[in-house]
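Student: The following file, target-v2.cif, comprises mmCIF, C-alpha atoms:
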data_target
#
loop_
_atom_site.label_atom_id
_atom_site.label_comp_id
_atom_site.auth_asym_id
_atom_site.auth_seq_id
_atom_site.Cartn_x
_atom_site.Cartn_y
_atom_site.Cartn_z
CA MET F 645 0.00 0.00 0.00
CA GLU F 646 1.88 3.02 -1.33
CA LEU F 647 0.13 5.64 0.79
CA LEU F 648 1.07 3.76 3.94
CA LYS F 649 4.70 3.53 2.84
CA GLU F 650 4.67 7.31 2.31
CA TYR F 651 3.28 7.85 5.81
CA ILE F 652 5.91 5.55 7.31
CA ARG F 653 8.76 7.24 5.40
CA LYS F 654 7.48 10.72 6.27
CA TYR F 655 6.25 10.33 9.84
CA GLY F 656 7.75 7.07 11.11
CA VAL F 657 10.74 7.11 13.45
CA VAL F 658 13.19 4.22 13.78
CA ARG F 659 14.56 3.60 17.26
CA PRO F 660 17.26 1.22 18.48
CA GLY F 661 16.02 -2.33 19.06
CA ASN F 662 14.07 -2.54 15.79
CA ILE F 663 11.38 -0.24 17.09
CA LEU F 664 9.38 1.64 14.47
CA LYS F 665 7.38 4.45 16.02
CA VAL F 666 4.27 5.32 14.05
CA ASP F 667 2.46 6.91 16.94
CA SER F 668 1.82 10.15 15.06
CA PHE F 669 -0.74 8.45 12.77
CA LEU F 670 -1.43 4.85 13.77
CA ASN F 671 -1.26 3.90 17.43
CA HIS F 672 -1.32 6.90 19.73
CA GLN F 673 -2.56 9.69 17.52
CA MET F 674 -4.73 8.14 14.81
CA ASP F 675 -5.24 9.61 11.33
CA ILE F 676 -8.85 8.65 10.62
CA ALA F 677 -8.64 9.40 6.89
CA LEU F 678 -5.69 7.01 6.61
CA LEU F 679 -7.59 4.37 8.60
CA ASN F 680 -10.41 4.67 6.09
CA ARG F 681 -7.99 4.01 3.22
CA ILE F 682 -6.74 1.01 5.17
CA GLY F 683 -10.35 -0.16 5.54
CA GLU F 684 -10.90 0.09 1.77
CA GLU F 685 -7.70 -1.85 1.16
CA PHE F 686 -8.69 -4.72 3.46
CA LYS F 687 -12.15 -4.77 1.87
CA ASN F 688 -10.53 -5.16 -1.56
CA ILE F 689 -8.26 -7.94 -0.32
CA PHE F 690 -10.99 -9.89 1.50
CA ALA F 691 -13.86 -8.97 -0.86
CA ASP F 692 -14.75 -12.59 -1.66
CA LYS F 693 -14.94 -13.69 1.99
CA LYS F 694 -18.21 -13.55 3.84
CA ILE F 695 -16.84 -11.93 6.99
CA THR F 696 -19.29 -11.90 9.92
CA LYS F 697 -17.11 -10.27 12.57
CA ILE F 698 -13.79 -8.56 13.11
CA LEU F 699 -11.66 -9.62 16.07
CA THR F 700 -8.79 -7.52 17.36
CA ILE F 701 -6.95 -7.01 20.66
CA GLU F 702 -6.67 -3.95 22.85
CA ALA F 703 -5.54 -1.29 22.69
CA SER F 704 -4.19 0.02 19.39
CA GLY F 705 -6.02 -2.52 17.23
CA ILE F 706 -9.43 -1.26 18.32
CA GLY F 707 -9.61 2.00 16.41
CA ILE F 708 -8.32 0.42 13.21
CA ALA F 709 -10.75 -2.49 13.54
CA CYS F 710 -13.73 -0.16 14.06
CA ILE F 711 -12.98 1.88 10.95
CA VAL F 712 -12.24 -1.26 8.90
CA ALA F 713 -15.51 -2.83 10.11
CA GLN F 714 -17.49 -0.12 8.33
CA TYR F 715 -16.34 -1.58 4.99
CA PHE F 716 -17.65 -5.03 5.93
CA ASN F 717 -20.79 -3.95 7.85
CA VAL F 718 -19.93 -6.22 10.75
CA PRO F 719 -19.40 -5.76 14.50
CA VAL F 720 -15.99 -5.62 16.14
CA VAL F 721 -14.97 -7.71 19.12
CA PHE F 722 -11.78 -6.81 20.93
CA ALA F 723 -9.90 -9.23 23.16
CA LYS F 724 -9.10 -7.76 26.55
CA LYS F 725 -5.75 -8.19 28.23
CA SER F 726 -5.69 -9.60 31.79
CA GLU F 727 -8.68 -9.76 34.10
CA SER F 728 -11.41 -7.15 34.24
CA LEU F 729 -13.95 -7.23 37.06
CA ASN F 730 -16.72 -6.33 34.63
CA LEU F 731 -16.24 -9.35 32.38
CA ASP F 732 -18.26 -12.53 32.56
CA GLY F 733 -16.70 -15.74 33.81
CA ASP F 734 -17.57 -17.47 30.56
CA LEU F 735 -14.49 -16.60 28.56
CA TYR F 736 -12.13 -17.91 25.94
CA THR F 737 -8.61 -17.26 27.19
CA SER F 738 -5.13 -17.55 25.71
CA LYS F 739 -1.82 -16.76 27.38
CA CYS F 740 0.46 -14.43 25.51
CA PHE F 741 3.87 -12.81 25.97
CA SER F 742 4.30 -9.17 25.01
CA PHE F 743 7.84 -8.41 23.86
CA THR F 744 6.97 -4.70 23.75
CA LYS F 745 5.95 -4.60 27.40
CA ASN F 746 8.12 -7.56 28.45
CA ARG F 747 5.37 -9.31 30.38
CA GLU F 748 2.87 -12.11 30.03
CA TYR F 749 -0.84 -11.45 29.89
CA THR F 750 -4.00 -13.35 29.17
CA ALA F 751 -6.15 -12.45 26.15
CA LEU F 752 -9.85 -12.78 27.01
CA VAL F 753 -12.98 -12.91 24.83
CA SER F 754 -16.48 -13.59 26.09
CA LYS F 755 -17.83 -16.82 24.61
CA LYS F 756 -21.04 -14.98 23.71
CA TYR F 757 -19.35 -12.94 21.01
CA ILE F 758 -17.62 -15.56 18.89
CA LEU F 759 -19.98 -18.27 17.65
CA PRO F 760 -19.25 -21.46 15.72
CA ASP F 761 -20.88 -20.10 12.55
CA ASP F 762 -18.79 -16.89 12.58
CA ASN F 763 -16.25 -16.20 9.85
CA ILE F 764 -13.70 -13.99 11.55
CA LEU F 765 -11.33 -11.42 10.12
CA LEU F 766 -8.44 -10.77 12.52
CA ILE F 767 -7.09 -7.22 12.48
CA ASP F 768 -4.10 -5.63 14.21
CA ASP F 769 -1.75 -2.72 13.71
CA PHE F 770 1.58 -4.55 13.96
CA LEU F 771 2.85 -8.09 13.42
CA ALA F 772 6.33 -8.66 14.83
CA ASN F 773 6.82 -11.68 17.07
CA GLY F 774 3.22 -12.62 16.41
CA ARG F 775 2.22 -13.64 19.91
CA ALA F 776 -0.91 -11.45 20.11
CA MET F 777 -2.11 -12.75 16.73
CA LEU F 778 -1.46 -16.37 17.78
CA ALA F 779 -3.54 -15.77 20.91
CA LEU F 780 -6.43 -14.51 18.76
CA ILE F 781 -6.09 -17.53 16.45
CA ASP F 782 -6.11 -19.83 19.49
CA ILE F 783 -9.28 -18.16 20.80
CA VAL F 784 -11.11 -18.45 17.47
CA ASN F 785 -10.05 -22.09 17.17
CA GLN F 786 -11.44 -22.78 20.66
CA SER F 787 -14.76 -21.27 19.57
CA LYS F 788 -14.97 -23.49 16.42
CA ALA F 789 -15.57 -20.38 14.32
CA LYS F 790 -13.70 -20.02 11.00
CA ILE F 791 -10.84 -17.63 10.39
CA ALA F 792 -11.26 -15.84 7.07
CA GLY F 793 -7.83 -14.26 7.34
CA ALA F 794 -5.63 -11.85 9.22
CA GLY F 795 -5.17 -8.24 8.13
CA ILE F 796 -2.08 -6.49 9.46
CA VAL F 797 -1.18 -2.86 8.82
CA ILE F 798 2.60 -3.18 9.29
CA GLU F 799 4.48 -6.49 9.37
CA LYS F 800 8.08 -6.64 10.49
CA GLY F 801 9.17 -9.22 7.93
CA PHE F 802 12.47 -9.87 9.70
CA GLN F 803 10.72 -11.19 12.81
CA GLU F 804 9.01 -14.54 13.14
CA GLY F 805 5.33 -13.51 13.45
CA GLY F 806 4.55 -13.83 9.74
CA LYS F 807 5.87 -17.38 9.54
CA LEU F 808 4.08 -18.41 12.75
CA VAL F 809 0.72 -17.08 11.55
CA ARG F 810 1.06 -18.69 8.10
CA ASP F 811 2.17 -21.97 9.73
CA ALA F 812 -1.08 -21.83 11.73
CA GLY F 813 -2.88 -22.06 8.37
CA VAL F 814 -4.14 -18.46 8.35
CA GLN F 815 -4.20 -16.28 5.23
CA LEU F 816 -2.05 -13.36 6.31
CA GLU F 817 -2.31 -10.07 4.44
CA SER F 818 -0.02 -7.26 5.53
CA LEU F 819 -0.45 -3.87 3.88
CA VAL F 820 3.24 -3.14 4.32
CA VAL F 821 6.08 -5.56 5.08
CA ILE F 822 9.35 -4.13 6.34
CA ASP F 823 12.33 -6.31 5.48
CA SER F 824 14.97 -4.38 7.40
CA MET F 825 15.33 -1.28 9.52
CA SER F 826 18.17 0.96 10.56
CA ASP F 827 18.55 4.60 11.56
CA SER F 828 19.34 5.59 8.02
CA ASP F 829 17.24 3.13 6.06
CA LEU F 830 13.91 1.36 5.94
CA VAL F 831 13.53 -1.41 3.35
CA PHE F 832 10.02 -2.35 2.26
CA ARG F 833 9.29 -5.72 0.67
CA GLU F 834 8.17 -5.33 -2.95
CA MET P 1131 -30.70 9.52 22.98
CA GLU P 1132 -33.68 7.20 22.59
CA LEU P 1133 -31.94 4.58 20.45
CA LEU P 1134 -29.26 4.18 23.09
CA LYS P 1135 -31.87 3.76 25.83
CA GLU P 1136 -33.49 1.04 23.72
CA TYR P 1137 -30.14 -0.75 23.34
CA ILE P 1138 -29.49 -0.51 27.09
CA ARG P 1139 -32.99 -1.79 27.97
CA LYS P 1140 -32.77 -4.60 25.42
CA TYR P 1141 -29.15 -5.73 25.67
CA GLY P 1142 -27.81 -4.25 28.91
CA VAL P 1143 -27.42 -6.43 31.99
CA VAL P 1144 -27.43 -5.06 35.53
CA ARG P 1145 -25.12 -6.77 37.98
CA PRO P 1146 -24.69 -6.36 41.73
CA GLY P 1147 -22.49 -3.42 42.71
CA ASN P 1148 -24.10 -0.97 40.28
CA ILE P 1149 -22.44 -2.62 37.31
CA LEU P 1150 -24.17 -2.14 33.97
CA LYS P 1151 -22.81 -4.55 31.38
CA VAL P 1152 -23.16 -3.24 27.84
CA ASP P 1153 -20.44 -5.41 26.41
CA SER P 1154 -22.68 -6.83 23.69
CA PHE P 1155 -22.73 -3.51 21.82
CA LEU P 1156 -20.43 -0.91 23.39
CA ASN P 1157 -17.25 -2.06 25.09
CA HIS P 1158 -16.31 -5.61 24.18
CA GLN P 1159 -18.39 -6.33 21.09
CA MET P 1160 -19.01 -3.02 19.33
CA ASP P 1161 -22.03 -2.25 17.16
CA ILE P 1162 -20.53 0.02 14.53
CA ALA P 1163 -23.90 1.25 13.22
CA LEU P 1164 -24.81 2.38 16.74
CA LEU P 1165 -21.41 4.07 17.13
CA ASN P 1166 -22.15 6.02 13.96
CA ARG P 1167 -25.45 7.23 15.41
CA ILE P 1168 -23.52 8.23 18.53
CA GLY P 1169 -21.08 10.13 16.32
CA GLU P 1170 -23.95 12.02 14.64
CA GLU P 1171 -25.38 12.87 18.03
CA PHE P 1172 -22.12 14.30 19.37
CA LYS P 1173 -21.67 16.26 16.13
CA ASN P 1174 -25.12 17.80 16.64
CA ILE P 1175 -24.36 18.66 20.26
CA PHE P 1176 -20.93 20.17 19.57
CA ALA P 1177 -21.72 21.56 16.10
CA ASP P 1178 -20.76 25.13 16.99
CA LYS P 1179 -17.37 24.22 18.47
CA LYS P 1180 -14.29 24.20 16.28
CA ILE P 1181 -12.96 20.86 17.49
CA THR P 1182 -9.39 20.13 16.35
CA LYS P 1183 -8.83 16.80 18.05
CA ILE P 1184 -10.58 14.08 20.03
CA LEU P 1185 -8.90 12.73 23.16
CA THR P 1186 -9.94 9.47 24.80
CA ILE P 1187 -8.35 6.81 26.97
CA GLU P 1188 -7.68 3.16 26.28
CA ALA P 1189 -9.22 0.77 25.80
CA SER P 1190 -12.97 0.95 25.25
CA GLY P 1191 -13.01 4.66 24.43
CA ILE P 1192 -10.84 4.21 21.36
CA GLY P 1193 -13.34 2.62 18.99
CA ILE P 1194 -16.06 5.11 19.91
CA ALA P 1195 -13.66 8.04 19.52
CA CYS P 1196 -12.51 6.86 16.07
CA ILE P 1197 -16.06 6.58 14.73
CA VAL P 1198 -17.09 9.91 16.33
CA ALA P 1199 -13.98 11.58 14.83
CA GLN P 1200 -15.33 10.96 11.35
CA TYR P 1201 -18.12 13.45 12.04
CA PHE P 1202 -15.61 16.15 13.01
CA ASN P 1203 -12.85 15.32 10.48
CA VAL P 1204 -10.21 15.38 13.18
CA PRO P 1205 -7.58 12.93 14.46
CA VAL P 1206 -7.98 10.89 17.63
CA VAL P 1207 -5.40 10.71 20.40
CA PHE P 1208 -5.80 8.07 23.05
CA ALA P 1209 -4.15 8.26 26.46
CA LYS P 1210 -2.27 5.11 27.36
CA LYS P 1211 -2.44 3.53 30.77
CA SER P 1212 0.86 2.84 32.59
CA GLU P 1213 4.26 2.78 30.93
CA SER P 1214 4.92 1.47 27.45
CA LEU P 1215 8.48 0.91 26.28
CA ASN P 1216 7.56 2.27 22.85
CA LEU P 1217 6.50 5.69 24.10
CA ASP P 1218 8.66 8.78 24.14
CA GLY P 1219 9.88 10.21 27.41
CA ASP P 1220 8.25 13.52 26.61
CA LEU P 1221 4.83 12.86 28.07
CA TYR P 1222 1.97 14.48 29.89
CA THR P 1223 1.03 12.21 32.77
CA SER P 1224 -1.77 12.08 35.31
CA LYS P 1225 -2.31 9.53 38.06
CA CYS P 1226 -5.69 7.90 38.18
CA PHE P 1227 -7.50 5.29 40.25
CA SER P 1228 -9.67 2.73 38.45
CA PHE P 1229 -12.61 1.59 40.59
CA THR P 1230 -13.44 -1.04 37.97
CA LYS P 1231 -10.01 -2.65 38.15
CA ASN P 1232 -9.29 -1.52 41.73
CA ARG P 1233 -5.82 -0.22 40.98
CA GLU P 1234 -3.97 2.98 40.27
CA TYR P 1235 -2.47 3.69 36.88
CA THR P 1236 -0.89 6.61 35.07
CA ALA P 1237 -2.56 8.11 32.01
CA LEU P 1238 0.07 9.12 29.43
CA VAL P 1239 -0.12 11.33 26.34
CA SER P 1240 2.85 12.35 24.21
CA LYS P 1241 3.36 16.12 24.34
CA LYS P 1242 3.62 16.12 20.54
CA TYR P 1243 -0.05 15.31 20.07
CA ILE P 1244 -1.78 17.96 22.18
CA LEU P 1245 -0.76 21.49 21.31
CA PRO P 1246 -1.65 24.81 22.94
CA ASP P 1247 -3.85 25.82 19.99
CA ASP P 1248 -5.87 22.60 20.07
CA ASN P 1249 -9.55 22.63 20.99
CA ILE P 1250 -10.14 19.18 22.41
CA LEU P 1251 -13.29 17.10 22.61
CA LEU P 1252 -12.97 14.44 25.31
CA ILE P 1253 -14.82 11.19 24.59
CA ASP P 1254 -15.40 8.09 26.70
CA ASP P 1255 -17.89 5.27 26.96
CA PHE P 1256 -18.74 5.55 30.67
CA LEU P 1257 -18.67 8.22 33.32
CA ALA P 1258 -19.06 6.86 36.84
CA ASN P 1259 -16.53 7.98 39.44
CA GLY P 1260 -14.99 10.23 36.82
CA ARG P 1261 -11.35 9.55 37.55
CA ALA P 1262 -10.34 8.71 33.96
CA MET P 1263 -12.07 11.85 32.66
CA LEU P 1264 -10.39 14.00 35.34
CA ALA P 1265 -7.02 12.59 34.27
CA LEU P 1266 -7.74 13.61 30.66
CA ILE P 1267 -8.81 17.09 31.80
CA ASP P 1268 -5.62 17.38 33.85
CA ILE P 1269 -3.52 16.39 30.82
CA VAL P 1270 -5.21 18.91 28.51
CA ASN P 1271 -4.81 21.64 31.15
CA GLN P 1272 -1.09 20.86 31.38
CA SER P 1273 -0.82 21.27 27.60
CA LYS P 1274 -2.55 24.70 27.66
CA ALA P 1275 -4.95 23.47 24.96
CA LYS P 1276 -8.67 24.28 25.33
CA ILE P 1277 -11.33 21.77 26.25
CA ALA P 1278 -14.38 22.16 24.02
CA GLY P 1279 -16.36 19.67 26.06
CA ALA P 1280 -16.70 16.08 27.18
CA GLY P 1281 -18.95 13.60 25.38
CA ILE P 1282 -19.96 10.55 27.38
CA VAL P 1283 -22.07 7.70 26.07
CA ILE P 1284 -23.46 6.50 29.43
CA GLU P 1285 -23.26 8.50 32.65
CA LYS P 1286 -24.09 6.91 35.98
CA GLY P 1287 -25.88 9.91 37.43
CA PHE P 1288 -25.88 8.50 40.95
CA GLN P 1289 -22.06 8.51 41.10
CA GLU P 1290 -19.89 11.56 41.52
CA GLY P 1291 -18.16 11.76 38.13
CA GLY P 1292 -20.67 14.15 36.56
CA LYS P 1293 -20.34 16.66 39.39
CA LEU P 1294 -16.54 16.43 39.40
CA VAL P 1295 -16.28 17.06 35.65
CA ARG P 1296 -18.73 19.98 35.73
CA ASP P 1297 -16.91 21.41 38.78
CA ALA P 1298 -13.74 21.33 36.68
CA GLY P 1299 -15.48 23.80 34.34
CA VAL P 1300 -16.03 21.34 31.50
CA GLN P 1301 -19.22 21.20 29.42
CA LEU P 1302 -20.32 17.64 30.00
CA GLU P 1303 -22.76 16.05 27.56
CA SER P 1304 -23.92 12.51 28.30
CA LEU P 1305 -26.11 10.78 25.74
CA VAL P 1306 -27.81 8.82 28.48
CA VAL P 1307 -27.82 9.45 32.23
CA ILE P 1308 -28.89 6.62 34.52
CA ASP P 1309 -30.35 7.86 37.80
CA SER P 1310 -30.73 4.50 39.50
CA MET P 1311 -30.18 0.83 38.82
CA SER P 1312 -31.46 -2.39 40.28
CA ASP P 1313 -31.99 -5.92 39.02
CA SER P 1314 -35.57 -5.16 38.10
CA ASP P 1315 -35.33 -1.54 37.09
CA LEU P 1316 -33.22 1.00 35.28
CA VAL P 1317 -34.24 4.64 35.62
CA PHE P 1318 -33.07 7.07 32.94
CA ARG P 1319 -32.93 10.80 33.62
CA GLU P 1320 -35.44 12.70 31.45
#
Would you write the structure of this file as structure tokens?

Tutor:
Amino acid sequence: MELLKEYIRKYGVVRPGNILKVDSFLNHQMDIALLNRIGEEFKNIFADKKITKILTIEASGIGIACIVAQYFNVPVVFAKKSESLNLDGDLYTSKCFSFTKNREYTALVSKKYILPDDNILLIDDFLANGRAMLALIDIVNQSKAKIAGAGIVIEKGFQEGGKLVRDAGVQLESLVVIDSMSDSDLVFRE
Amino acid sequence: MELLKEYIRKYGVVRPGNILKVDSFLNHQMDIALLNRIGEEFKNIFADKKITKILTIEASGIGIACIVAQYFNVPVVFAKKSESLNLDGDLYTSKCFSFTKNREYTALVSKKYILPDDNILLIDDFLANGRAMLALIDIVNQSKAKIAGAGIVIEKGFQEGGKLVRDAGVQLESLVVIDSMSDSDLVFRE
């Protein structure tokens, strides 16, 4: 997606430790016009799938998922991290390690909101080590629903998440794949 | 907002401890068509304000804020809770106690994304004790930006948040105010 590459080149900041900061438009401040273009793009990619629901995980996936959902006319469900006193006991859960925050958490989704006849599109902002996406895949598999695919805005192609998600049998579509990063250079996969 | 009252009567569940669960349409599964009606409503209410940005707090405020933002053509910024290794050091912070999760956290917003000439609309799903909203107000006040108002989807009118926010000099607009709750009854303010 050329527009997204332009945004990353123009507004993205590379930090030591393979960190790409895109918090000016994607995951702290959010450019809603760009999110709408992202929604159109995912709709084009998954046009032939009868998506019934979008599943994402808090926090930065939620805004993207809600805008994308408008192109599919479906509800969004977001997995919560760790326990919340307001959640039902009847939950799908999956343990997950966050390399960004360097801690383990549990992804939680109420069993009421993913049903066996659902056809789920998974959405998230980043795919790096892939642990959050694997937790979502695990949760959908527990529910017996189908996974139509996974839509990622930015994939770090030099980390293992992409391989892990594809090995899980999921159609992974990343709008931008970054093959390598350094202070002076950012290489996108063609 | 009548449609919202209908949703709450039809799909909301009252739990002991004054908990109103609306996770089938607002803050776990999200009904995007309803969020669009909410966006229209806030646009009508704040039509005469020149909003430049919407500020919310993770997690459940984000999806609502992103849909609402489409009616104002402005970006969304969401405050993060606690420390994230991917965030800059240059942050506005405000300590905040969550009664839902029974723990203290710090709300964080990068100084880059709230500027003195911004006119901020605060958005959140619930207002109960008001601590999250007060943290957002504190952060905007630190930035010297203006607060155009606060838009809340559901206010628990029998808790102190509404008074605290109004006492802070902020125009508070709640689409629905609940005056009392019990297993058998839910009383909306007229």

Student: Taking the file as I've supplied it (selection: the PyMOL selection byres ((chain P and resi 1301) around 6)), which residues are included? Please answer as a list of chain:residue names.

Tutor: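 Taken on the displayed file, the PyMOL selection byres ((chain P and resi 1301) around 6) yields the residues P:Gly1279, P:Val1300, P:Leu1302.
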
Student: Can those selected residues be exported to a file as a CSV table (one decimal), in the coordinates of the input so that it contains C-alpha atoms?

Tutor:
chain,number,residue,atom,x,y,z
P,1279,GLY,CA,-16.4,19.7,26.1
P,1300,VAL,CA,-16.0,21.3,31.5
P,1302,LEU,CA,-20.3,17.6,30.0

Student: Residues picked by the PyMOL selection byres ((chain F) within 8 of (chain P)) here, as number ranges by chain?

Tutor: F: 663, 665, 668, 672-676, 702-703, 706-711, 713-714, 717-724, 728-730, 744-745, 757

Student: Need to verify the contact set: region 1291-1297 of chain P, 8 Å, all atoms listed in the file, exclusion of same-chain residues closer than 3 positions in sequence. Can you return it as a list of chain:residue names?

Tutor: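 With the cut-off at 8 Å, the set is P:Leu1257, P:Ala1258, P:Asn1259, P:Gly1260, P:Arg1261, P:Met1263, P:Leu1264, P:Glu1285, P:Lys1286, P:Gly1287, P:Val1300, P:Gln1301, P:Leu1302.
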
Student: Quick check, in Å to one decimal: how far apart do CA of Arg1233 (chain P) and CA of Phe741 (chain F) lie?

Tutor: 21.9 Å

Student: Using all atoms listed in the file, determine which residues lie at most 12 Å from region 829-834 of chain F, disregarding the query and same-chain residues fewer than 6 positions distant; provide the list as a PyMOL selection string.

Tutor: chain F and resi 645-646+648-650+652-654+656-659+662-664+798-802+818-823

Student: Quick one, how far is CA of Asp762 (chain F) from CA of Asp692 (chain F)?

Tutor: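 So the answer is 15.4 Å.
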
Student: Work out how far CA of Lys1179 (chain P) is from CA of Ser1224 (chain P), in Å to one decimal.

Tutor: 26.0 Å

Student: Quick one: of P:Asp1313, P:Thr1186, P:Phe1172, P:Tyr1137, who's nearest to Ile1253 (chain P), counting only C-alpha atoms?

Tutor: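 The shortest atom-to-atom distance to Ile1253 (chain P) comes from P:Thr1186.
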
Student: Measuring between all atoms listed in the file, which one of P:Lys1173, P:Arg1167, P:Lys1180, P:Lys1225 shows the shortest distance to Ala1262 (chain P)?

Tutor: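 Closest to Ala1262 (chain P) of all the choices is P:Lys1225.
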